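A.B. asks: Take this structure first; my questions come after.
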Amino acid sequence: MPRGTIRIAIIGAGEVVRARHVPGFRAIPGVELVGVCNRRRESTARAARELGLPRAYGSWEDVIDDPGVDAVLIGGWPYMHCPVTLGALDAGKHVLTQARMAMNAREAQRMLERARESPELVAMVAPSPHGLAGEAFVRSLIEGGWLGALREVHVDGLSGELADPATPMGWRQKTRYSGFNMLMLGDLHEIVSRWIPPTRRVFAHASKLVPERFDPENRRTKPVGTADSVQVTTVHEDQSIGGYRLSAVLWRRPTMSVALYGSEGSLFYDLLTDAIRGVRRGEAAPRQLPIPASLRGGWSAEADFMAAIRGERPVTRVDFATGARHMQFTEAVARSSRHQIAVSLPLKEFSNPSL
């Protein structure tokens, strides 16, 4: 396993890359950020200058062709994740890609299969940053019997981000860039999947309540591509039931939360504040459950990636197999909404990514 300096190049230096990944990698001894490539030449030059990187690449192909690069960080939009990942793995480079893993389940499966062909390379998806502080604590409560048998799971992601019809269309509202990914659906499913059994069936309704927006890229008003309101009912492996409520068109403060209801008690996790409350059978009202210091988690994607490259431990959050399962859930929601049918998981085929 590599013991010297690991050289990483960035493909797509967006907000999350700048805020989390760059400082995270620079805090690890033996890691060197060698260059960057964005969608446009001027953006690439600006990112290299602002981030203090020595090389501005002309294209992502130049990055993976560079023998001086050991690993790539893919921070671009989902439409780039599959081609860049396949190219990087073919070139013998480790891959850390931003969430969501891909445009659709077929792309995610291709990425997973290619990664399995090169077990000596590390392939990882950056996790959702929400819920990491209390992840282990919630798991310990569940394993200790707080919930008893799980009955229902309620997941909320509500905001007014797109409530104003005058808000311009962003890349997340364009299917050519985002694929089947909708709002915070993938993030929230990843978070709740840390604590509950696998989802086996979904029934969904996704709406475009503001059907058109001004597109700054084309300087005209166009139909939006992805939903701004999503409702999902799920059935899990243990026959418990779930409900997802997602909307970005509500005049309200943002909320993001998970509620777990069992035969013996309930747990409520505010993902924006990391406040956890719980109530047991016979208690009148929920009470605060402070996260013990010994169980408090946090963001560690860069350290986890480097530890896997150096052979210190395997990827535990999120490997490509897990990421591919999450993409199947996202596609199942899209299929269910489009055809108004229940869709079973895991998916049996990936032959029609456009539905």
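We name chains A, B, ... following the order of the structure tokens; residues begin at 1 in each chain, and ligands are numbered from 1 as shown.
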Excluding same-chain residues fewer than 4 positions from A:Pro67, what lies within 10 Å of it counting only C-alpha atoms, as a list in words?
C.D. replies: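 Those residues are Asp62, Val63, Ala91, Gly92 and Lys93 of chain A.
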A.B. asks: The selected residues should be written to file as a tab-separated table (two decimals), in the first residue's frame (atoms: all heavy atoms).
C.D. replies:
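part-v1.tsv, written as the output of this step:
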```tsv
chain	number	residue	atom	x	y	z
A	62	ASP	N	-7.35	15.18	-19.28
A	62	ASP	CA	-5.96	15.50	-18.97
A	62	ASP	C	-5.61	15.10	-17.53
A	62	ASP	O	-4.48	14.69	-17.24
A	62	ASP	CB	-5.70	17.00	-19.16
A	62	ASP	CG	-5.76	17.42	-20.61
A	62	ASP	OD1	-5.64	16.54	-21.49
A	62	ASP	OD2	-5.94	18.63	-20.87
A	63	VAL	N	-6.58	15.22	-16.64
A	63	VAL	CA	-6.34	14.86	-15.24
A	63	VAL	C	-6.04	13.37	-15.13
A	63	VAL	O	-5.05	12.96	-14.51
A	63	VAL	CB	-7.56	15.23	-14.36
A	63	VAL	CG1	-7.35	14.72	-12.94
A	63	VAL	CG2	-7.78	16.73	-14.37
A	91	ALA	N	-7.49	4.25	-15.55
A	91	ALA	CA	-6.14	4.81	-15.50
A	91	ALA	C	-5.39	4.43	-14.22
A	91	ALA	O	-4.27	4.89	-13.99
A	91	ALA	CB	-6.19	6.32	-15.65
A	92	GLY	N	-6.02	3.61	-13.36
A	92	GLY	CA	-5.36	3.16	-12.15
A	92	GLY	C	-5.36	4.16	-11.02
A	92	GLY	O	-4.46	4.14	-10.17
A	93	LYS	N	-6.38	5.02	-10.98
A	93	LYS	CA	-6.44	6.06	-9.95
A	93	LYS	C	-7.59	5.80	-8.99
A	93	LYS	O	-8.67	5.36	-9.40
A	93	LYS	CB	-6.57	7.43	-10.59
A	93	LYS	CG	-5.44	7.73	-11.59
A	93	LYS	CD	-5.52	9.12	-12.14
A	93	LYS	CE	-4.55	9.33	-13.29
A	93	LYS	NZ	-3.16	8.97	-12.98
```
A.B. asks: Can you pull out every residue within 9 Å of A:Ile291, counting only C-alpha atoms, but drop anything in the same chain fewer than 3 positions away, and send it as a ChimeraX atom specification?
C.D. replies: /A:133-134,137-138,274-276,294-296
A.B. asks: From the list A:Thr5, A:Thr233, A:Ser336, A:Thr44, which residue is nearest A:Thr199 when using only C-alpha atoms?
C.D. replies: A:Thr233
A.B. asks: Tell me, as number ranges by chain, which residues lie within 8 Å of A:Trp60, counting only C-alpha atoms; anything in the same chain fewer than 2 positions away does not count.
C.D. replies: A: 11, 37, 57-58, 62-64, 84
A.B. asks: Can you tell me which residues surround A:Ser240 at a distance of at most 12 Å, considering only C-alpha atoms, apart from same-chain residues fewer than 2 positions away, and format the answer as an MDAnalysis selection string?
C.D. replies: chainID A and resid 149:154 196:201 233:238 242:243 260:263
A.B. asks: Mind running stretch 271-336 of chain A against stretch 112-117 of chain A at 12 Å and telling me each contacting residue's nearest atom pair with the distance in Å (one decimal), counting only C-alpha atoms, chain and number ascending, as CSV?
C.D. replies:
```
residue,atom,partner,partner_atom,distance
A:Asp319,CA,A:Leu112,CA,9.0
A:Phe320,CA,A:Leu112,CA,5.5
A:Ala321,CA,A:Leu112,CA,6.2
A:Thr322,CA,A:Leu112,CA,9.4
A:Gly323,CA,A:Leu112,CA,8.7
A:Ala324,CA,A:Leu112,CA,7.0
A:Arg325,CA,A:Leu112,CA,10.2
A:Met327,CA,A:Leu112,CA,11.4
```
A.B. asks: Quick one: distance from atom CA of A:Pro78 to atom CA of A:Tyr177 in Å, one decimal?
C.D. replies: 6.1 Å
A.B. asks: For A:Leu51, list every protein, DNA or RNA residue within 9 Å, evaluated using only C-alpha atoms, and leave out those in the same chain fewer than 3 positions away; present the list as JSON, numbers by chain.
C.D. replies: {"A": [18, 22, 46, 47, 48]}
A.B. asks: Include N, CA, C and O atoms and write out the residues we just selected as a PDB file, in the first residue's frame.
C.D. replies:
```pdb
ATOM      1  N   ARG A  18     -14.588  23.193  -1.898  1.00  0.00           N
ATOM      2  CA  ARG A  18     -13.811  24.284  -1.284  1.00  0.00           C
ATOM      3  C   ARG A  18     -13.991  24.318   0.232  1.00  0.00           C
ATOM      4  O   ARG A  18     -13.043  24.559   0.976  1.00  0.00           O
ATOM      5  N   VAL A  22     -11.088  20.396   0.376  1.00  0.00           N
ATOM      6  CA  VAL A  22      -9.752  20.995   0.306  1.00  0.00           C
ATOM      7  C   VAL A  22      -9.142  21.159   1.703  1.00  0.00           C
ATOM      8  O   VAL A  22      -8.013  20.705   1.951  1.00  0.00           O
ATOM      9  N   ARG A  46      -9.277  30.360 -12.350  1.00  0.00           N
ATOM     10  CA  ARG A  46      -9.642  31.075 -11.131  1.00  0.00           C
ATOM     11  C   ARG A  46      -9.589  30.145  -9.917  1.00  0.00           C
ATOM     12  O   ARG A  46      -9.079  30.526  -8.846  1.00  0.00           O
ATOM     13  N   ALA A  47     -10.075  28.911 -10.071  1.00  0.00           N
ATOM     14  CA  ALA A  47     -10.056  27.964  -8.953  1.00  0.00           C
ATOM     15  C   ALA A  47      -8.624  27.623  -8.558  1.00  0.00           C
ATOM     16  O   ALA A  47      -8.301  27.538  -7.367  1.00  0.00           O
ATOM     17  N   ALA A  48      -7.757  27.420  -9.549  1.00  0.00           N
ATOM     18  CA  ALA A  48      -6.359  27.103  -9.241  1.00  0.00           C
ATOM     19  C   ALA A  48      -5.705  28.251  -8.480  1.00  0.00           C
ATOM     20  O   ALA A  48      -4.957  28.027  -7.517  1.00  0.00           O
TER      21      ALA A  48
END
```
A.B. asks: Once DSSP has gone over the backbone, tell me which residues of stretch 156-241 of chain A are in helix (DSSP H, G or I), as an MDAnalysis selection string.
C.D. replies: chainID A and resid 171:173 175:178 185:193
